[in-house]
Amino acid sequence: MSEKKFVLVSRVPQTPDALKILYDHFEVRINEGSPYSKDQFCKALEDVDGLFCDDDEVDGEIMDSATKLQIIANYGVGYNNVDVVAAQKRGIAVTNTPEVLTESVADLAIGLMISVSRRVSEANYILKKRKPLEWVGFYLPAVDINHKTLGIVGFGRIGQALAQRALGFNMKVIYYDTNRCSINEEKQLNCEFREFNELLKEADFISLHCNLDKSTLHLIGEDQFNLIKPSTFLINTARGAVIDEKALIKALQTKKIAGAALDVFEDEPSIPNELLDADNTVVTPHMASGTFEARKAMTERCCTNLIMALNEKTPQDLVNPPWKPKK
Ligand code: DGY
């Protein structure tokens with residue numbers, strides 16, 4: 001009887017029951033403690049065939065400590081935490097969890113838009129702090145999202161799911177993506193393409209849905225804030241570093257933009273005090289895909305990828321093709 005392969009789960013996912021299927025196939029080791037330091041991670045990976053990881057930095061050095069490693073199954077659609085080029089060089093498959101979280105992320109983006117423009121979390125904070133209801137003057141003046149222009153940056157699955165929702169709010173939807181849709185697709189989706197700078201100038205709400213890579217690092221910085229209207233709200237459920245956070249803080253403080261709703265931050269888990277303290281921000285802790293439904297499906301998707309790769313089949317969510325199982 002051949003020995004079972006080893007899978008390391010670097011953090012307990014929010015729906016641990018969905019991991020059970022792994023036990024039918026592999027020896028499974030779960031890190032129940034705090035996230036590994038780099039040294040601990042290297043040590044823990046020494047005899048491991050498959051890694052289930054969540055937001056852990058996995059670089060070439062870490063991969064070198066894992067000579068048997070065949071697959072890095074990343075829990076998340078974004079996989080900027082994994083050095084894919086280093087994995088490719090070492091013949092290691094990298095997978096992500098697309099599709100299953102699309103609707104949840106798009107829902108939260110809408111929620112954040114409404115929350116920041118209608119000042120929901122500010123109002124909630126006032127009442128919970130037992131401050132009196134002030135029916136004086138124009139209390140907590142807010143802004144409608146209906147009939148406004150939404151600019152979506154990154155028009156993949158999540159961007160398009162957000163567009164669908166926005167149209168239900170009678171918004172005009174414009175988008176920018178390096179891959180423009182066909183004219184037919186644009187007609188069907190009822191969305192118009194804009195060059196990036198034009199989108200920044202025109203949109204009342206800008207929502208980011210691109211991957212983080214070299215080309216999108218600090219995509220929104222000081223120059224871009226100079227193009228955005230002072231009445232515009234910026235929403236980020238993609239990755240923190242798509243925005244230059246220092247430039248964002250300055251833009252918020254100088255009212256270059258109306259506000260920002262942020263689910264992701266440049267240097268997680270730390271969040272600058274300026275973003276936490278500002279009245280014109282809404283902040284959430286990287287939870288756009290944090291529904292039971294999405295998280296369970298993400299766990300299952302990671303498990304399926306592990307099972308496929310460690311049974312010498314190309315995993316369904318391979319992001320670095322081609323890949324061949326190591327002999
Ligand atoms: C994703 O899927 O990329 C989410 O942000 C969770 O990391």
# chains A, B, ... in the order shown; residues from 1 in each chain; ligands from 1
>>> residues_near_ligand(ligand="ligand 1", cutoff="9 Å", atoms="only C-alpha atoms and all ligand atoms", output="ChimeraX atom specification")
/A:54-55,74-80,96-98,101-102,105,211,237-239,263-264,286-290,295,298
>>> select_by_dssp(residues="region 5-135 of chain A", states="alpha helix (DSSP H)", output="MDAnalysis selection string")
chainID A and resid 20:25 38:44 60:64 84:89 102:117 120:128
>>> closest_residue(among="A:Glu195, A:Ile206, A:Glu57, A:Val143", to="Ala163 (chain A)", atoms="only C-alpha atoms")
A:Ile206
>>> closest_residue(among="A:Thr178, A:Thr304, A:Thr149, A:Thr95", to="Leu200 (chain A)", atoms="only C-alpha atoms")
A:Thr149
>>> atom_distance(atom1="CA of Asn305 (chain A)", atom2="CA of Phe155 (chain A)")
25.3 Å
>>> closest_residue(among="A:Pro325, A:Phe292, A:Ile183, A:Phe169", to="Gly50 (chain A)", atoms="only C-alpha atoms")
A:Pro325
>>> residues_around(residues="Lys172 (chain A)", least_positions_apart="3", cutoff="8 Å", atoms="only C-alpha atoms", output="number ranges by chain")
A: 147-150, 166-167, 191
>>> residues_around(residues="Ile126 (chain A)", least_positions_apart="6", cutoff="12 Å", atoms="only C-alpha atoms", output="PyMOL selection string")
chain A and resi 119-120+132-134+139-140+279
>>> write_last_selection(atoms="N, CA and C atoms", output="JSON list (two decimals), in the first residue's frame")
[["chain", "number", "residue", "atom", "x", "y", "z"],
["A", 119, "ARG", "N", -23.53, 57.36, 4.68],
["A", 119, "ARG", "CA", -22.94, 57.56, 6.01],
["A", 119, "ARG", "C", -23.51, 56.59, 7.04],
["A", 120, "VAL", "N", -23.78, 55.37, 6.61],
["A", 120, "VAL", "CA", -24.43, 54.39, 7.47],
["A", 120, "VAL", "C", -23.57, 54.06, 8.69],
["A", 132, "PRO", "N", -26.97, 61.87, 21.20],
["A", 132, "PRO", "CA", -28.38, 62.14, 20.91],
["A", 132, "PRO", "C", -28.65, 62.26, 19.41],
["A", 133, "LEU", "N", -29.86, 61.90, 19.03],
["A", 133, "LEU", "CA", -30.33, 62.11, 17.66],
["A", 133, "LEU", "C", -30.50, 63.61, 17.47],
["A", 134, "GLU", "N", -29.86, 64.18, 16.50],
["A", 134, "GLU", "CA", -29.96, 65.64, 16.32],
["A", 134, "GLU", "C", -30.82, 65.94, 15.12],
["A", 139, "TYR", "N", -29.13, 66.96, 8.97],
["A", 139, "TYR", "CA", -28.32, 66.06, 9.80],
["A", 139, "TYR", "C", -27.67, 64.99, 8.93],
["A", 140, "LEU", "N", -26.41, 64.78, 9.09],
["A", 140, "LEU", "CA", -25.65, 63.78, 8.32],
["A", 140, "LEU", "C", -25.97, 63.82, 6.82],
["A", 279, "ASP", "N", -13.47, 60.76, 9.20],
["A", 279, "ASP", "CA", -14.94, 60.68, 9.13],
["A", 279, "ASP", "C", -15.39, 60.16, 7.77]]
>>> closest_residue(among="A:Thr254, A:Asn320, A:Ser10, A:Asn146", to="Ile30 (chain A)", atoms="only C-alpha atoms")
A:Ser10
>>> residues_around(residues="Arg118 (chain A)", least_positions_apart="4", cutoff="12 Å", atoms="only C-alpha atoms", output="count of residues only")
23
>>> atom_distance(atom1="CA of Lys4 (chain A)", atom2="CA of Arg29 (chain A)")
12.4 Å
>>> select_by_dssp(residues="region 69-159 of chain A", states="strand (DSSP E or B)", output="MDAnalysis selection string")
chainID A and resid 71:74 82 93:95 149:153
>>> atom_distance(atom1="CA of Ile220 (chain A)", atom2="CA of Ile257 (chain A)")
12.3 Å
>>> residues_around(residues="Ala106 (chain A)", least_positions_apart="6", cutoff="6 Å", atoms="only C-alpha atoms", output="number ranges by chain")
A: 158, 161-162
>>> closest_residue(among="A:Thr15, A:Glu3, A:Thr291, A:Val242", to="Lys214 (chain A)", atoms="only C-alpha atoms")
A:Val242
>>> residues_around(residues="region 269-272 of chain A", least_positions_apart="3", cutoff="12 Å", atoms="only C-alpha atoms", output="list in words")
Pro35, Asp55, Asp56, Gly240, Glu245, Lys246, Leu248, Ile249, Leu262, Asp263, Val264, Phe265, Glu266, Leu275, Leu276, Asp277, Ala278, Thr281, Val283, Thr284, Pro285 and His286 of chain A
>>> decode(residues="region 174-187 of chain A", atoms="all heavy atoms", output="CSV table (one decimal), in the first residue's frame")
chain,number,residue,atom,x,y,z
A,174,ILE,N,-19.5,52.6,-16.3
A,174,ILE,CA,-18.3,52.7,-17.2
A,174,ILE,C,-17.3,51.8,-16.6
A,174,ILE,O,-17.2,51.6,-15.4
A,174,ILE,CB,-17.9,54.2,-17.4
A,174,ILE,CG1,-17.5,54.8,-16.1
A,174,ILE,CG2,-18.9,55.0,-18.1
A,174,ILE,CD1,-16.9,56.2,-16.2
A,175,TYR,N,-16.4,51.3,-17.5
A,175,TYR,CA,-15.4,50.4,-16.9
A,175,TYR,C,-14.0,50.6,-17.7
A,175,TYR,O,-14.0,51.1,-18.8
A,175,TYR,CB,-15.8,48.9,-17.1
A,175,TYR,CG,-15.6,48.4,-18.5
A,175,TYR,CD1,-14.5,47.7,-18.8
A,175,TYR,CD2,-16.6,48.6,-19.4
A,175,TYR,CE1,-14.3,47.2,-20.1
A,175,TYR,CE2,-16.5,48.1,-20.7
A,175,TYR,CZ,-15.3,47.4,-21.1
A,175,TYR,OH,-15.1,46.9,-22.3
A,176,TYR,N,-13.0,50.2,-17.0
A,176,TYR,CA,-11.7,50.2,-17.6
A,176,TYR,C,-11.1,48.8,-17.3
A,176,TYR,O,-11.1,48.3,-16.2
A,176,TYR,CB,-10.7,51.2,-17.1
A,176,TYR,CG,-9.3,51.0,-17.5
A,176,TYR,CD1,-8.9,51.3,-18.8
A,176,TYR,CD2,-8.4,50.4,-16.6
A,176,TYR,CE1,-7.6,51.0,-19.2
A,176,TYR,CE2,-7.1,50.1,-17.1
A,176,TYR,CZ,-6.7,50.4,-18.4
A,176,TYR,OH,-5.5,50.1,-18.8
A,177,ASP,N,-10.5,48.2,-18.3
A,177,ASP,CA,-9.8,46.9,-18.2
A,177,ASP,C,-8.8,46.9,-19.3
A,177,ASP,O,-9.0,47.4,-20.4
A,177,ASP,CB,-10.7,45.7,-18.3
A,177,ASP,CG,-10.1,44.5,-17.7
A,177,ASP,OD1,-9.2,43.9,-18.3
A,177,ASP,OD2,-10.6,44.0,-16.7
A,178,THR,N,-7.6,46.2,-19.0
A,178,THR,CA,-6.6,46.1,-20.1
A,178,THR,C,-7.2,45.3,-21.3
A,178,THR,O,-6.8,45.4,-22.4
A,178,THR,CB,-5.3,45.5,-19.6
A,178,THR,OG1,-5.6,44.4,-18.7
A,178,THR,CG2,-4.5,46.5,-18.8
A,179,ASN,N,-8.1,44.4,-21.0
A,179,ASN,CA,-8.8,43.6,-22.0
A,179,ASN,C,-10.2,44.2,-22.2
A,179,ASN,O,-11.1,43.9,-21.4
A,179,ASN,CB,-9.0,42.1,-21.6
A,179,ASN,CG,-7.7,41.4,-21.6
A,179,ASN,OD1,-6.8,41.6,-22.4
A,179,ASN,ND2,-7.5,40.6,-20.6
A,180,ARG,N,-10.4,45.0,-23.2
A,180,ARG,CA,-11.7,45.5,-23.5
A,180,ARG,C,-12.7,44.5,-23.9
A,180,ARG,O,-12.3,43.6,-24.7
A,180,ARG,CB,-11.6,46.6,-24.5
A,180,ARG,CG,-12.8,47.4,-24.7
A,180,ARG,CD,-12.8,48.5,-25.7
A,180,ARG,NE,-14.1,49.0,-25.9
A,180,ARG,CZ,-14.4,50.1,-26.6
A,180,ARG,NH1,-13.5,50.8,-27.1
A,180,ARG,NH2,-15.7,50.4,-26.7
A,181,CYS,N,-13.9,44.5,-23.5
A,181,CYS,CA,-15.0,43.6,-24.0
A,181,CYS,C,-15.3,43.9,-25.4
A,181,CYS,O,-15.0,45.0,-25.9
A,181,CYS,CB,-16.3,43.8,-23.2
A,181,CYS,SG,-16.1,43.4,-21.4
A,182,SER,N,-15.9,43.0,-26.1
A,182,SER,CA,-16.3,43.3,-27.5
A,182,SER,C,-17.5,44.2,-27.4
A,182,SER,O,-18.2,44.4,-26.4
A,182,SER,CB,-16.8,42.0,-28.2
A,182,SER,OG,-17.9,41.5,-27.6
A,183,ILE,N,-17.8,44.9,-28.6
A,183,ILE,CA,-18.9,45.8,-28.6
A,183,ILE,C,-20.2,45.1,-28.2
A,183,ILE,O,-21.1,45.6,-27.5
A,183,ILE,CB,-19.1,46.4,-30.0
A,183,ILE,CG1,-17.8,47.1,-30.4
A,183,ILE,CG2,-20.3,47.4,-30.1
A,183,ILE,CD1,-17.4,48.4,-29.6
A,184,ASN,N,-20.4,43.9,-28.7
A,184,ASN,CA,-21.6,43.1,-28.3
A,184,ASN,C,-21.7,42.8,-26.8
A,184,ASN,O,-22.8,43.0,-26.3
A,184,ASN,CB,-21.5,41.7,-29.0
A,184,ASN,CG,-22.4,41.7,-30.2
A,184,ASN,OD1,-23.3,42.6,-30.3
A,184,ASN,ND2,-22.3,40.7,-31.1
A,185,GLU,N,-20.6,42.4,-26.2
A,185,GLU,CA,-20.6,42.2,-24.8
A,185,GLU,C,-20.9,43.5,-24.0
A,185,GLU,O,-21.7,43.5,-23.1
A,185,GLU,CB,-19.2,41.7,-24.3
A,185,GLU,CG,-19.0,40.3,-24.6
A,185,GLU,CD,-17.5,39.9,-24.5
A,185,GLU,OE1,-16.6,40.7,-24.6
A,185,GLU,OE2,-17.2,38.7,-24.2
A,186,GLU,N,-20.4,44.6,-24.5
A,186,GLU,CA,-20.7,45.9,-23.8
A,186,GLU,C,-22.1,46.2,-23.9
A,186,GLU,O,-22.7,46.7,-23.0
A,186,GLU,CB,-19.8,47.0,-24.4
A,186,GLU,CG,-18.4,46.9,-24.0
A,186,GLU,CD,-17.5,48.0,-24.6
A,186,GLU,OE1,-18.0,48.9,-25.4
A,186,GLU,OE2,-16.3,47.9,-24.5
A,187,LYS,N,-22.7,45.9,-25.1
A,187,LYS,CA,-24.2,46.1,-25.3
A,187,LYS,C,-24.9,45.3,-24.3
A,187,LYS,O,-25.8,45.7,-23.6
A,187,LYS,CB,-24.6,45.8,-26.7
A,187,LYS,CG,-24.6,47.0,-27.6
A,187,LYS,CD,-25.4,46.7,-28.8
A,187,LYS,CE,-25.0,47.7,-29.9
A,187,LYS,NZ,-24.8,47.2,-31.2
